[in-house]
$ cat work_2.cif   # mmCIF, C-alpha atoms
data_structure
#
loop_
_atom_site.label_atom_id
_atom_site.label_comp_id
_atom_site.auth_asym_id
_atom_site.auth_seq_id
_atom_site.Cartn_x
_atom_site.Cartn_y
_atom_site.Cartn_z
CA LEU T 1 -12.67 24.11 -8.03
CA GLN T 2 -10.47 25.35 -10.88
CA ASN T 3 -7.33 24.48 -8.92
CA VAL T 4 -8.14 20.87 -7.98
CA ARG T 5 -8.95 19.72 -11.51
CA ILE T 6 -6.29 17.82 -13.44
CA ASN T 7 -5.43 20.64 -15.78
CA PRO T 8 -1.97 21.99 -16.70
CA SER T 9 -3.16 25.48 -15.68
CA SER T 10 -4.33 24.45 -12.18
CA ILE T 11 -2.29 25.01 -9.03
CA SER T 12 -2.45 21.34 -8.02
CA PHE T 13 -1.32 19.99 -11.42
CA GLN T 14 2.43 20.18 -10.73
CA MET T 15 1.84 18.59 -7.31
CA TRP T 16 -0.07 15.79 -9.05
CA LYS T 17 2.52 15.36 -11.82
CA ASN T 18 5.66 15.33 -9.68
CA ILE T 19 4.63 14.69 -6.10
CA PRO T 20 6.66 17.15 -3.96
CA VAL T 21 5.86 15.35 -0.73
CA PRO T 22 8.85 13.40 0.64
CA PHE T 23 7.73 9.76 0.75
CA TYR T 24 9.59 7.07 2.66
CA LEU T 25 9.40 3.29 2.43
CA SER T 26 10.24 1.63 5.75
CA VAL T 27 10.74 -2.15 5.69
CA HIS T 28 10.79 -4.44 8.75
CA PHE T 29 11.88 -8.07 8.34
CA PHE T 30 10.98 -11.00 10.56
CA GLU T 31 14.03 -13.15 11.28
CA VAL T 32 13.40 -16.81 12.20
CA LEU T 33 15.46 -17.55 15.32
CA ASN T 34 14.84 -21.32 15.48
CA PRO T 35 14.81 -22.68 11.90
CA LYS T 36 16.07 -26.17 12.86
CA GLN T 37 13.36 -26.55 15.49
CA VAL T 38 10.68 -25.37 13.04
CA LEU T 39 11.72 -28.18 10.70
CA GLN T 40 10.95 -30.57 13.56
CA GLY T 41 7.47 -29.13 14.08
CA ALA T 42 8.18 -26.37 16.65
CA LYS T 43 6.48 -23.00 16.72
CA PRO T 44 8.48 -20.34 14.80
CA VAL T 45 10.17 -17.74 17.01
CA LEU T 46 10.49 -14.40 15.24
CA ARG T 47 12.50 -11.24 15.82
CA GLN T 48 11.70 -8.00 14.03
CA ARG T 49 14.66 -6.38 12.25
CA GLY T 50 14.89 -2.87 10.84
CA PRO T 51 13.50 -0.57 9.78
CA TYR T 52 15.42 -0.30 6.52
CA VAL T 53 14.34 3.06 5.17
CA TYR T 54 14.27 4.27 1.57
CA ARG T 55 13.52 7.72 0.18
CA GLU T 56 10.84 7.33 -2.46
CA TYR T 57 10.54 9.64 -5.45
CA ARG T 58 7.38 9.51 -7.55
CA TYR T 59 6.80 11.10 -10.91
CA LYS T 60 4.40 10.66 -13.81
CA THR T 61 5.26 10.12 -17.47
CA ASN T 62 3.30 9.45 -20.66
CA ILE T 63 0.62 11.93 -19.53
CA THR T 64 -2.07 11.85 -22.23
CA PHE T 65 -5.35 13.77 -22.10
CA HIS T 66 -8.41 12.25 -23.80
CA ASP T 67 -11.61 13.73 -25.19
CA ASN T 68 -13.81 11.96 -22.64
CA ASP T 69 -12.59 14.01 -19.66
CA THR T 70 -9.89 11.50 -18.68
CA VAL T 71 -6.09 11.43 -18.58
CA SER T 72 -3.73 8.46 -18.75
CA TYR T 73 -0.30 8.21 -17.16
CA LEU T 74 2.42 5.95 -15.81
CA GLU T 75 3.73 6.70 -12.33
CA TYR T 76 7.26 5.60 -11.53
CA ARG T 77 8.90 5.02 -8.16
CA ASP T 78 12.62 5.36 -7.49
CA LEU T 79 13.97 4.22 -4.12
CA PHE T 80 17.23 5.25 -2.43
CA PHE T 81 18.50 3.71 0.81
CA GLN T 82 18.76 6.10 3.77
CA PRO T 83 21.43 4.79 6.21
CA HIS T 84 20.90 7.64 8.70
CA LEU T 85 17.20 6.75 9.08
CA SER T 86 17.69 2.98 9.16
CA ASN T 87 18.41 0.57 11.97
CA GLY T 88 20.86 -1.56 10.02
CA THR T 89 22.36 -1.84 6.54
CA GLU T 90 21.46 -3.68 3.34
CA ASP T 91 24.52 -5.90 3.87
CA GLU T 92 23.15 -7.46 7.06
CA TYR T 93 22.24 -11.15 6.96
CA ILE T 94 18.80 -12.37 8.01
CA VAL T 95 17.46 -15.94 8.33
CA VAL T 96 14.12 -16.20 6.52
CA PRO T 97 12.18 -18.98 4.77
CA ASN T 98 13.56 -20.03 1.40
CA ILE T 99 10.65 -18.30 -0.30
CA LEU T 100 11.16 -19.87 -3.73
CA MET T 101 11.61 -23.39 -2.40
CA MET T 102 8.84 -23.36 0.21
CA GLY T 103 6.46 -21.60 -2.16
CA ALA T 104 7.16 -24.08 -4.95
CA ALA T 105 6.73 -27.02 -2.56
CA VAL T 106 3.23 -25.91 -1.52
CA MET T 107 2.34 -25.12 -5.15
CA MET T 108 3.40 -28.65 -6.18
CA GLU T 109 1.60 -30.42 -3.33
CA LYS T 110 -1.15 -31.83 -5.58
CA LEU T 111 1.13 -32.77 -8.47
CA PRO T 112 2.16 -36.43 -9.10
CA ASN T 113 4.60 -37.91 -6.59
CA PHE T 114 7.31 -38.52 -9.18
CA LEU T 115 7.50 -34.78 -9.88
CA LYS T 116 7.82 -34.04 -6.18
CA ILE T 117 10.52 -36.68 -5.83
CA LEU T 118 12.36 -35.15 -8.79
CA LEU T 119 12.13 -31.70 -7.19
CA SER T 120 13.31 -33.07 -3.83
CA GLY T 121 16.32 -34.68 -5.52
CA ALA T 122 17.09 -31.49 -7.41
CA LEU T 123 16.86 -29.47 -4.19
CA ALA T 124 19.32 -31.84 -2.51
CA GLY T 125 21.71 -31.52 -5.44
CA LEU T 126 21.48 -27.73 -5.29
CA LYS T 127 21.92 -27.83 -1.50
CA GLN T 128 18.62 -26.01 -1.03
CA GLU T 129 17.17 -25.86 2.47
CA ALA T 130 13.84 -24.68 3.89
CA PHE T 131 15.46 -21.59 5.43
CA MET T 132 18.12 -19.33 3.96
CA ASN T 133 20.57 -16.78 5.33
CA ARG T 134 20.75 -13.84 2.92
CA THR T 135 21.37 -10.10 3.05
CA VAL T 136 18.61 -7.52 3.23
CA GLY T 137 19.66 -6.24 -0.20
CA GLU T 138 19.43 -9.72 -1.76
CA ILE T 139 15.99 -10.45 -0.31
CA MET T 140 14.65 -7.09 -1.46
CA TRP T 141 16.33 -6.44 -4.81
CA GLY T 142 17.07 -9.94 -6.01
CA TYR T 143 19.59 -12.78 -6.00
CA GLU T 144 20.47 -15.38 -8.59
CA ASP T 145 19.36 -18.88 -7.71
CA PRO T 146 19.84 -22.03 -9.82
CA LEU T 147 16.56 -23.25 -8.36
CA ILE T 148 14.74 -20.90 -10.75
CA ASP T 149 16.10 -22.72 -13.81
CA THR T 150 15.47 -26.11 -12.19
CA ILE T 151 11.80 -25.36 -11.48
CA ASN T 152 11.32 -23.98 -15.00
CA MET T 153 12.80 -27.21 -16.37
CA LEU T 154 10.80 -29.62 -14.17
CA VAL T 155 7.46 -27.78 -14.21
CA PRO T 156 7.39 -25.26 -17.09
CA GLY T 157 5.09 -22.32 -16.35
CA LEU T 158 4.99 -22.85 -12.57
CA ILE T 159 6.95 -19.62 -12.03
CA PRO T 160 6.67 -17.19 -14.99
CA PHE T 161 10.03 -15.46 -14.51
CA LYS T 162 13.74 -16.07 -15.02
CA GLY T 163 16.95 -14.66 -13.63
CA LYS T 164 16.94 -12.98 -10.23
CA PHE T 165 14.30 -13.32 -7.53
CA GLY T 166 13.58 -10.57 -4.99
CA LEU T 167 10.50 -9.45 -3.09
CA PHE T 168 10.85 -5.82 -4.22
CA ILE T 169 12.57 -6.41 -7.55
CA ASP T 170 9.56 -4.99 -9.44
CA PHE T 171 9.05 -2.14 -6.97
CA ASN T 172 12.05 0.05 -7.79
CA ASN T 173 12.52 1.95 -11.07
CA SER T 174 9.16 0.67 -12.22
CA ASN T 175 5.59 1.80 -12.65
CA SER T 176 2.37 0.53 -11.10
CA GLY T 177 0.51 0.16 -14.40
CA LEU T 178 -1.28 2.49 -16.79
CA PHE T 179 -3.89 4.47 -14.87
CA THR T 180 -6.64 6.40 -16.64
CA VAL T 181 -8.46 8.79 -14.31
CA ASN T 182 -11.09 11.51 -14.58
CA THR T 183 -9.82 15.08 -14.88
CA GLY T 184 -12.90 16.69 -13.33
CA MET T 185 -13.12 19.28 -16.12
CA LYS T 186 -16.80 18.53 -16.75
CA ASN T 187 -17.77 17.03 -13.41
CA ILE T 188 -15.65 17.99 -10.41
CA SER T 189 -17.17 15.21 -8.28
CA GLN T 190 -15.44 12.67 -10.57
CA VAL T 191 -11.93 14.14 -10.43
CA HIS T 192 -9.18 11.56 -9.76
CA LEU T 193 -11.63 8.63 -9.90
CA VAL T 194 -10.13 5.71 -11.84
CA ASP T 195 -11.68 5.08 -15.25
CA SER T 196 -9.44 2.09 -16.05
CA TRP T 197 -6.18 0.41 -15.04
CA ASN T 198 -4.05 -1.17 -17.78
CA GLY T 199 -7.09 -0.74 -20.00
CA LEU T 200 -9.30 -2.78 -17.64
CA LYS T 201 -12.55 -1.59 -16.11
CA LYS T 202 -12.28 -4.45 -13.63
CA VAL T 203 -9.68 -7.09 -12.77
CA ASN T 204 -10.12 -10.86 -12.98
CA TYR T 205 -8.14 -12.01 -9.94
CA TRP T 206 -11.13 -12.73 -7.71
CA ARG T 207 -14.26 -14.87 -7.63
CA SER T 208 -16.95 -12.17 -7.54
CA SER T 209 -17.68 -9.13 -9.70
CA GLN T 210 -17.82 -6.95 -6.57
CA CYS T 211 -14.29 -7.93 -5.51
CA ASN T 212 -12.99 -7.44 -9.06
CA MET T 213 -14.28 -3.87 -9.32
CA ILE T 214 -11.81 -1.00 -9.66
CA ASN T 215 -13.27 1.61 -7.34
CA GLY T 216 -12.14 4.99 -6.07
CA THR T 217 -9.01 6.91 -7.02
CA ALA T 218 -5.39 5.90 -7.57
CA GLY T 219 -4.72 6.74 -3.92
CA GLU T 220 -3.10 10.16 -4.42
CA MET T 221 -6.00 12.64 -4.25
CA TRP T 222 -9.76 12.53 -3.92
CA PRO T 223 -12.66 14.71 -5.13
CA PRO T 224 -13.15 17.96 -3.12
CA PHE T 225 -15.83 18.65 -0.51
CA MET T 226 -15.44 15.26 1.14
CA SER T 227 -18.00 13.90 3.57
CA PRO T 228 -16.91 12.19 6.82
CA THR T 229 -17.83 8.69 5.61
CA SER T 230 -15.23 6.74 3.64
CA VAL T 231 -12.64 6.88 0.85
CA GLU T 232 -11.76 4.28 -1.77
CA PHE T 233 -8.68 3.65 -3.88
CA TYR T 234 -7.34 0.92 -6.14
CA SER T 235 -4.03 -0.61 -5.02
CA PRO T 236 -2.03 -2.56 -7.65
CA ASP T 237 0.18 -3.86 -4.81
CA ALA T 238 -2.86 -5.45 -3.11
CA CYS T 239 -4.51 -6.29 -6.47
CA ARG T 240 -7.81 -4.83 -5.26
CA SER T 241 -9.77 -1.75 -4.30
CA MET T 242 -9.61 -0.81 -0.64
CA THR T 243 -12.05 1.22 1.44
CA LEU T 244 -10.98 3.26 4.46
CA VAL T 245 -13.55 4.64 6.91
CA TYR T 246 -13.75 7.98 8.68
CA GLU T 247 -12.43 7.95 12.23
CA GLN T 248 -12.17 11.58 13.41
CA SER T 249 -11.61 15.20 12.45
CA GLY T 250 -8.37 16.94 13.33
CA THR T 251 -5.67 19.25 12.07
CA PHE T 252 -2.24 18.76 10.54
CA LYS T 253 0.05 21.73 11.21
CA GLY T 254 -2.94 24.05 11.25
CA VAL T 255 -4.74 22.52 8.25
CA PRO T 256 -8.12 20.86 9.01
CA THR T 257 -8.24 17.15 8.14
CA TYR T 258 -10.41 14.06 8.15
CA ARG T 259 -8.66 10.91 9.33
CA PHE T 260 -9.54 7.65 7.56
CA VAL T 261 -8.45 4.22 8.81
CA ALA T 262 -8.88 0.59 7.80
CA PRO T 263 -12.09 -1.07 9.02
CA LYS T 264 -11.78 -4.40 10.81
CA THR T 265 -13.53 -5.99 7.82
CA LEU T 266 -10.81 -5.01 5.31
CA PHE T 267 -9.08 -8.41 5.41
CA ALA T 268 -11.88 -10.37 7.08
CA ASN T 269 -12.74 -13.75 5.61
CA GLY T 270 -16.02 -14.57 3.90
CA THR T 271 -17.50 -16.13 7.02
CA ASP T 272 -17.04 -13.03 9.16
CA TYR T 273 -17.80 -10.60 6.32
CA PRO T 274 -19.77 -12.15 3.41
CA PRO T 275 -18.83 -9.45 0.80
CA ASN T 276 -15.23 -10.70 1.08
CA GLU T 277 -16.20 -14.23 0.02
CA GLY T 278 -15.00 -13.34 -3.47
CA PHE T 279 -11.42 -13.03 -2.17
CA CYS T 280 -11.45 -16.64 -0.96
CA PRO T 281 -10.32 -19.43 -0.60
CA CYS T 282 -9.93 -17.93 2.85
CA MET T 283 -8.26 -18.94 6.07
CA GLN T 284 -8.59 -17.03 9.33
CA SER T 285 -9.92 -13.47 9.35
CA GLY T 286 -7.28 -10.81 9.05
CA ILE T 287 -5.29 -12.25 6.15
CA GLN T 288 -6.11 -12.11 2.46
CA ASN T 289 -5.05 -14.77 0.00
CA VAL T 290 -3.29 -13.01 -2.91
CA SER T 291 -1.99 -16.15 -4.64
CA THR T 292 -4.15 -15.48 -7.71
CA CYS T 293 -2.29 -12.24 -8.40
CA ARG T 294 1.12 -13.38 -7.11
CA LEU T 295 2.03 -16.17 -9.55
CA ASN T 296 -0.14 -18.65 -7.57
CA ALA T 297 2.43 -18.61 -4.76
CA PRO T 298 0.93 -19.22 -1.26
CA MET T 299 1.17 -15.54 -0.29
CA PHE T 300 -1.10 -13.57 2.06
CA ILE T 301 -1.31 -9.89 2.95
CA SER T 302 -2.42 -8.49 6.29
CA HIS T 303 -1.90 -5.63 8.68
CA PRO T 304 1.54 -5.69 10.38
CA HIS T 305 1.88 -8.15 13.28
CA PHE T 306 -1.58 -9.50 12.32
CA TYR T 307 -3.22 -6.40 13.81
CA ASN T 308 -7.04 -6.73 13.66
CA ALA T 309 -6.67 -10.42 12.76
CA ASP T 310 -7.82 -13.68 14.32
CA PRO T 311 -5.76 -14.21 17.54
CA SER T 312 -4.84 -17.70 16.38
CA LEU T 313 -2.54 -16.17 13.74
CA VAL T 314 -0.60 -14.24 16.39
CA ASN T 315 -0.47 -17.25 18.69
CA ALA T 316 0.87 -19.56 15.95
CA VAL T 317 4.25 -17.81 16.18
CA GLU T 318 6.24 -16.05 18.88
CA GLY T 319 7.45 -12.48 18.68
CA LEU T 320 4.42 -10.55 17.42
CA HIS T 321 2.94 -7.62 19.33
CA PRO T 322 0.11 -5.99 17.36
CA SER T 323 -0.98 -2.46 18.28
CA LYS T 324 -3.01 0.25 16.60
CA GLU T 325 -0.37 2.94 17.20
CA GLN T 326 2.43 1.04 15.47
CA HIS T 327 0.59 -1.14 12.98
CA GLY T 328 -2.65 0.61 12.05
CA LEU T 329 -2.71 2.55 8.77
CA PHE T 330 -4.18 6.03 8.44
CA LEU T 331 -4.83 8.76 5.91
CA ASP T 332 -5.31 12.44 6.86
CA VAL T 333 -7.04 14.37 4.06
CA HIS T 334 -7.96 18.05 3.71
CA PRO T 335 -11.72 17.63 3.12
CA MET T 336 -12.21 20.81 1.07
CA THR T 337 -9.69 19.84 -1.63
CA GLY T 338 -9.35 16.06 -1.21
CA ILE T 339 -5.54 16.40 -0.94
CA PRO T 340 -3.79 14.11 1.60
CA MET T 341 -1.76 16.01 4.19
CA ASN T 342 -0.28 13.07 6.10
CA CYS T 343 -0.44 9.31 5.59
CA SER T 344 1.10 5.99 6.54
CA ILE T 345 -0.10 2.97 4.56
CA LYS T 346 1.13 -0.31 6.06
CA LEU T 347 0.96 -3.89 4.78
CA GLN T 348 2.51 -7.20 5.82
CA LEU T 349 3.61 -9.95 3.45
CA ASN T 350 3.17 -13.53 4.67
CA LEU T 351 4.09 -16.98 3.31
CA TYR T 352 2.08 -20.12 4.00
CA ILE T 353 4.50 -22.96 4.79
CA LYS T 354 3.90 -26.60 5.66
CA GLN T 355 5.27 -30.12 5.35
CA VAL T 356 4.73 -31.42 1.81
CA SER T 357 4.74 -35.18 1.33
CA GLY T 358 7.52 -36.30 -1.01
CA ILE T 359 9.69 -33.22 -0.50
CA ILE T 360 12.05 -34.06 2.36
CA GLN T 361 13.36 -30.49 2.66
CA THR T 362 10.04 -29.41 4.22
CA GLY T 363 10.72 -31.70 7.21
CA LYS T 364 7.90 -31.80 9.74
CA ILE T 365 6.93 -28.13 9.42
CA LYS T 366 3.47 -27.54 10.82
CA PRO T 367 1.11 -25.49 8.63
CA VAL T 368 1.54 -21.81 9.52
CA VAL T 369 1.10 -18.41 7.90
CA LEU T 370 4.57 -17.04 8.53
CA PRO T 371 5.20 -13.26 8.45
CA LEU T 372 8.08 -12.34 6.13
CA LEU T 373 8.12 -8.55 6.43
CA TRP T 374 5.94 -5.50 6.78
CA PHE T 375 6.38 -2.12 5.19
CA ALA T 376 5.01 1.38 5.55
CA GLU T 377 4.78 4.01 2.83
CA SER T 378 4.61 7.34 4.66
CA GLY T 379 4.62 10.98 3.67
CA SER T 380 3.39 14.40 4.76
CA ILE T 381 3.19 17.83 3.17
CA GLU T 382 5.86 20.15 4.56
CA GLY T 383 8.09 23.12 3.79
CA SER T 384 7.14 25.60 1.08
CA VAL T 385 4.33 23.37 -0.19
CA LEU T 386 2.73 23.32 3.27
CA LYS T 387 3.15 27.09 3.58
CA GLN T 388 1.50 27.71 0.22
CA PHE T 389 -1.26 25.25 1.07
CA TYR T 390 -1.89 26.87 4.46
CA ASN T 391 -1.86 30.43 3.08
CA ASN T 392 -4.19 29.71 0.16
CA LEU T 393 -6.59 27.26 1.75
CA VAL T 394 -6.64 28.18 5.44
CA LEU T 395 -5.31 31.67 6.11
CA LEU T 396 -6.78 33.47 3.10
CA PRO T 397 -10.31 32.00 3.46
CA SER T 398 -10.22 32.81 7.20
CA LEU T 399 -9.12 36.38 6.42
CA LEU T 400 -11.86 36.81 3.83
CA ASP T 401 -14.38 35.40 6.27
CA TYR T 402 -13.14 37.81 8.95
CA LEU T 403 -13.30 40.77 6.54
CA GLN T 404 -16.82 39.80 5.60
CA TYR T 405 -17.95 40.25 9.19
CA ILE T 406 -16.01 43.54 9.49
CA PHE T 407 -17.73 44.92 6.40
CA LEU T 408 -21.05 43.62 7.68
CA GLY T 409 -20.39 45.32 11.02
CA LEU T 410 -19.45 48.59 9.33
CA SER T 411 -22.49 48.46 7.05
CA VAL T 412 -25.00 48.35 9.93
CA PRO T 413 -24.31 51.91 11.28
CA LEU T 414 -24.13 53.20 7.70
CA ILE T 415 -27.56 51.78 6.97
CA ILE T 416 -28.95 53.22 10.20
CA SER T 417 -27.40 56.63 9.46
CA ALA T 418 -28.86 56.60 5.95
CA ALA T 419 -32.29 55.69 7.32
CA VAL T 420 -32.14 58.49 9.92
CA LEU T 421 -31.01 60.98 7.30
CA MET T 422 -33.85 60.04 5.00
CA ALA T 423 -36.33 60.36 7.89
CA VAL T 424 -35.03 63.84 8.78
CA ARG T 425 -35.31 65.01 5.18
CA LYS T 426 -38.90 63.87 5.07
#
$ encode --input "work_2.cif" --output "structure tokens"
Amino acid sequence: LQNVRINPSSISFQMWKNIPVPFYLSVHFFEVLNPKQVLQGAKPVLRQRGPYVYREYRYKTNITFHDNDTVSYLEYRDLFFQPHLSNGTEDEYIVVPNILMMGAAVMMEKLPNFLKILLSGALAGLKQEAFMNRTVGEIMWGYEDPLIDTINMLVPGLIPFKGKFGLFIDFNNSNSGLFTVNTGMKNISQVHLVDSWNGLKKVNYWRSSQCNMINGTAGEMWPPFMSPTSVEFYSPDACRSMTLVYEQSGTFKGVPTYRFVAPKTLFANGTDYPPNEGFCPCMQSGIQNVSTCRLNAPMFISHPHFYNADPSLVNAVEGLHPSKEQHGLFLDVHPMTGIPMNCSIKLQLNLYIKQVSGIIQTGKIKPVVLPLLWFAESGSIEGSVLKQFYNNLVLLPSLLDYLQYIFLGLSVPLIISAAVLMAVRK
């Protein structure tokens, strides 16, 4: 118990402060093979590209302990491309939707026609098209686009950013917000549970208090002596708390684990799973509308390849092949300490595209939730950390348990001998 508390003197503190586990971010893009046909109303044909793999380093700064048994911190992520692990380079070109243009078009759908006509004219002048051919590096880390300034001029406040645009531009060399979590010094069952995030006890992205709740931990460790039921964590990337359910017991390199996976209800819509009604407006089950926490852009998250989603989403495009082995997420945790031994958390980012009246660049595109990319954050304890973990938490307890039975076995004849001796003396 002493060693799983968040305390500078505990064994797990350095592991918590500077995570020694090698994490990797693997990104798979979906290239659109028939963009001209899609503009005429055809079904999108996709081809998966990648993975493009990055080594991820995590470390905490601004660690501040408080009197109420909590500690605040900022956790930063630094990413470095790994060519030897990747199937391709950051300089490769990929045809994907013009995310800014198509997103802005859908966002402006209900605005007055003259604004849409102005935007359409501006897009023509800037030679903007519904699909773009850019490098992996540009799509991920940002590219300059005059469309950003044009949108800010025509509809101020529609997109609250300037300069470069990239899907992962805020992911590298950045933090995931100010977390305040319980240290477990007074109550070990509360250790690692989130007290607040960015000073908030709950978020305001969603339409119900239940969906806005910040539950569980920050997703790094959990309280010890876990039961085979479920685990919860708050994900700033998904803008919500997520619950994983127990699937099975197992071992990871000799260390006993509980495996937790995503339930089918995780991204279900409000019709199929009423508690998720607060995340609506919903579409088919298996995708979650995150527009309220993504600048009101028509963005959705899901499992990769629409795994565990309504079949209509898979059938609306060509090139998807969902499977549990490749696209299901999992978390293997040592139940005695609550420390993850092996994990792979996977999410897919999708863009809702459609024909928008008044904006000629959208052509005759049929409404579709189009996969852009999916990524996996994976890591497992290995090397000296695994050896220390195994020795202290598996081997040593087993040895002590074994010695206990040896001493118990040796004590029986001693007790009998003492009893016989006492009887003889009498």
$ closest_residue --input "work_2.cif" --among "T:Ser196, T:Gly142, T:Leu331, T:Gly121" --to "Glu232 in chain T" --atoms "all atoms listed in the file"
T:Leu331
$ closest_residue --input "work_2.cif" --among "T:Lys364, T:Lys162, T:Arg207, T:Arg49" --to "Thr135 in chain T" --atoms "only C-alpha atoms"
T:Arg49
$ resolve_selection --input "work_2.cif" --expression "the PyMOL selection byres ((chain T and resi 219) around 10)" --output "ChimeraX atom specification"
/T:192-194,216-218,220-222,231-235,241-242,340
$ resolve_selection --input "work_2.cif" --expression "the PyMOL selection byres ((chain T and resi 286) around 6)" --output "list of chain:residue names"
T:Phe267, T:Ala268, T:Ser285, T:Ile287, T:Ala309
$ closest_residue --input "work_2.cif" --among "T:Gln40, T:Ser227, T:Asn276, T:Gln190" --to "Asn212 in chain T" --atoms "all atoms listed in the file"
T:Asn276
$ resolve_selection --input "work_2.cif" --expression "the PyMOL selection byres ((chain T and resi 146) around 12)" --output "ChimeraX atom specification"
/T:100-101,122-123,125-128,143-145,147-153,162-165
$ residues_around --input "work_2.cif" --residues "Glu129 in chain T" --least-positions-apart "3" --cutoff "7 Å" --atoms "all atoms listed in the file" --output "list of chain:residue names"
T:Asn98, T:Met132, T:Gln361
$ residues_around --input "work_2.cif" --residues "range 27-37 of chain T" --least-positions-apart "4" --cutoff "7 Å" --atoms "all atoms listed in the file" --output "PDB file with C-alpha atoms, keeping the file's coordinate frame"
ATOM      1  CA  GLY T  41       7.470 -29.130  14.080  1.00  0.00           C
ATOM      2  CA  ALA T  42       8.180 -26.370  16.650  1.00  0.00           C
ATOM      3  CA  PRO T  44       8.480 -20.340  14.800  1.00  0.00           C
ATOM      4  CA  VAL T  45      10.170 -17.740  17.010  1.00  0.00           C
ATOM      5  CA  LEU T  46      10.490 -14.400  15.240  1.00  0.00           C
ATOM      6  CA  ARG T  47      12.500 -11.240  15.820  1.00  0.00           C
ATOM      7  CA  GLN T  48      11.700  -8.000  14.030  1.00  0.00           C
ATOM      8  CA  ARG T  49      14.660  -6.380  12.250  1.00  0.00           C
ATOM      9  CA  GLY T  50      14.890  -2.870  10.840  1.00  0.00           C
ATOM     10  CA  PRO T  51      13.500  -0.570   9.780  1.00  0.00           C
ATOM     11  CA  TYR T  52      15.420  -0.300   6.520  1.00  0.00           C
ATOM     12  CA  VAL T  53      14.340   3.060   5.170  1.00  0.00           C
ATOM     13  CA  ILE T  94      18.800 -12.370   8.010  1.00  0.00           C
ATOM     14  CA  VAL T  95      17.460 -15.940   8.330  1.00  0.00           C
ATOM     15  CA  VAL T  96      14.120 -16.200   6.520  1.00  0.00           C
ATOM     16  CA  PHE T 131      15.460 -21.590   5.430  1.00  0.00           C
ATOM     17  CA  PRO T 371       5.200 -13.260   8.450  1.00  0.00           C
ATOM     18  CA  LEU T 372       8.080 -12.340   6.130  1.00  0.00           C
ATOM     19  CA  LEU T 373       8.120  -8.550   6.430  1.00  0.00           C
ATOM     20  CA  TRP T 374       5.940  -5.500   6.780  1.00  0.00           C
ATOM     21  CA  PHE T 375       6.380  -2.120   5.190  1.00  0.00           C
ATOM     22  CA  ALA T 376       5.010   1.380   5.550  1.00  0.00           C
TER      23      ALA T 376
END
$ closest_residue --input "work_2.cif" --among "T:Tyr307, T:Phe300, T:Tyr76, T:Phe330" --to "Asn342 in chain T" --atoms "only C-alpha atoms"
T:Phe330
$ atom_distance --input "work_2.cif" --atom1 "CA of His84 in chain T" --atom2 "CA of Met140 in chain T"
19.0 Å
$ residues_near_point --input "work_2.cif" --point "(9.1, -32.1, -14.6)" --cutoff "9 Å" --atoms "all atoms listed in the file" --output "short mmCIF file (atom, residue, chain, number, x, y, z; two decimals) with C-alpha atoms, in the frame of the given file"
data_model
loop_
_atom_site.label_atom_id
_atom_site.label_comp_id
_atom_site.auth_asym_id
_atom_site.auth_seq_id
_atom_site.Cartn_x
_atom_site.Cartn_y
_atom_site.Cartn_z
CA PHE T 114 7.31 -38.52 -9.18
CA LEU T 115 7.50 -34.78 -9.88
CA LYS T 116 7.82 -34.04 -6.18
CA LEU T 118 12.36 -35.15 -8.79
CA LEU T 119 12.13 -31.70 -7.19
CA ILE T 151 11.80 -25.36 -11.48
CA ASN T 152 11.32 -23.98 -15.00
CA MET T 153 12.80 -27.21 -16.37
CA LEU T 154 10.80 -29.62 -14.17
CA VAL T 155 7.46 -27.78 -14.21
CA PRO T 156 7.39 -25.26 -17.09
#
$ residues_around --input "work_2.cif" --residues "Ser189 in chain T" --least-positions-apart "6" --cutoff "10 Å" --atoms "all atoms listed in the file" --output "list in words"
Leu1, Arg5, Asn182, Thr183, Trp222, Pro223, Pro224, Phe225 and Met226 of chain T
$ atom_distance --input "work_2.cif" --atom1 "CA of Gln82 in chain T" --atom2 "CA of Lys17 in chain T"
24.3 Å
$ residues_around --input "work_2.cif" --residues "Leu370 in chain T" --least-positions-apart "5" --cutoff "9 Å" --atoms "all atoms listed in the file" --output "JSON, numbers by chain"
{"T": [44, 97, 313, 316, 317, 349, 350, 351, 352, 353]}
$ closest_residue --input "work_2.cif" --among "T:Val369, T:Leu79, T:Val333, T:Met185" --to "Ser312 in chain T" --atoms "all atoms listed in the file"
T:Val369
$ closest_residue --input "work_2.cif" --among "T:Val368, T:Met283, T:Glu56, T:Leu329" --to "Thr243 in chain T" --atoms "only C-alpha atoms"
T:Leu329
$ residues_near_point --input "work_2.cif" --point "(1.1, 5.0, 10.8)" --cutoff "7 Å" --atoms "all atoms listed in the file" --output "JSON, numbers by chain"
{"T": [325, 326, 327, 328, 329, 330, 343, 344, 345]}
$ residues_around --input "work_2.cif" --residues "Trp141 in chain T" --least-positions-apart "2" --cutoff "8 Å" --atoms "all atoms listed in the file" --output "list in words"
Gly137, Glu138, Ile139, Tyr143, Phe165, Gly166, Leu167, Phe168 and Ile169 of chain T
$ write_last_selection --input "work_2.cif" --atoms "C-alpha atoms" --output "PDB file, keeping the file's coordinate frame"
ATOM      1  CA  GLY T 137      19.660  -6.240  -0.200  1.00  0.00           C
ATOM      2  CA  GLU T 138      19.430  -9.720  -1.760  1.00  0.00           C
ATOM      3  CA  ILE T 139      15.990 -10.450  -0.310  1.00  0.00           C
ATOM      4  CA  TYR T 143      19.590 -12.780  -6.000  1.00  0.00           C
ATOM      5  CA  PHE T 165      14.300 -13.320  -7.530  1.00  0.00           C
ATOM      6  CA  GLY T 166      13.580 -10.570  -4.990  1.00  0.00           C
ATOM      7  CA  LEU T 167      10.500  -9.450  -3.090  1.00  0.00           C
ATOM      8  CA  PHE T 168      10.850  -5.820  -4.220  1.00  0.00           C
ATOM      9  CA  ILE T 169      12.570  -6.410  -7.550  1.00  0.00           C
TER      10      ILE T 169
END
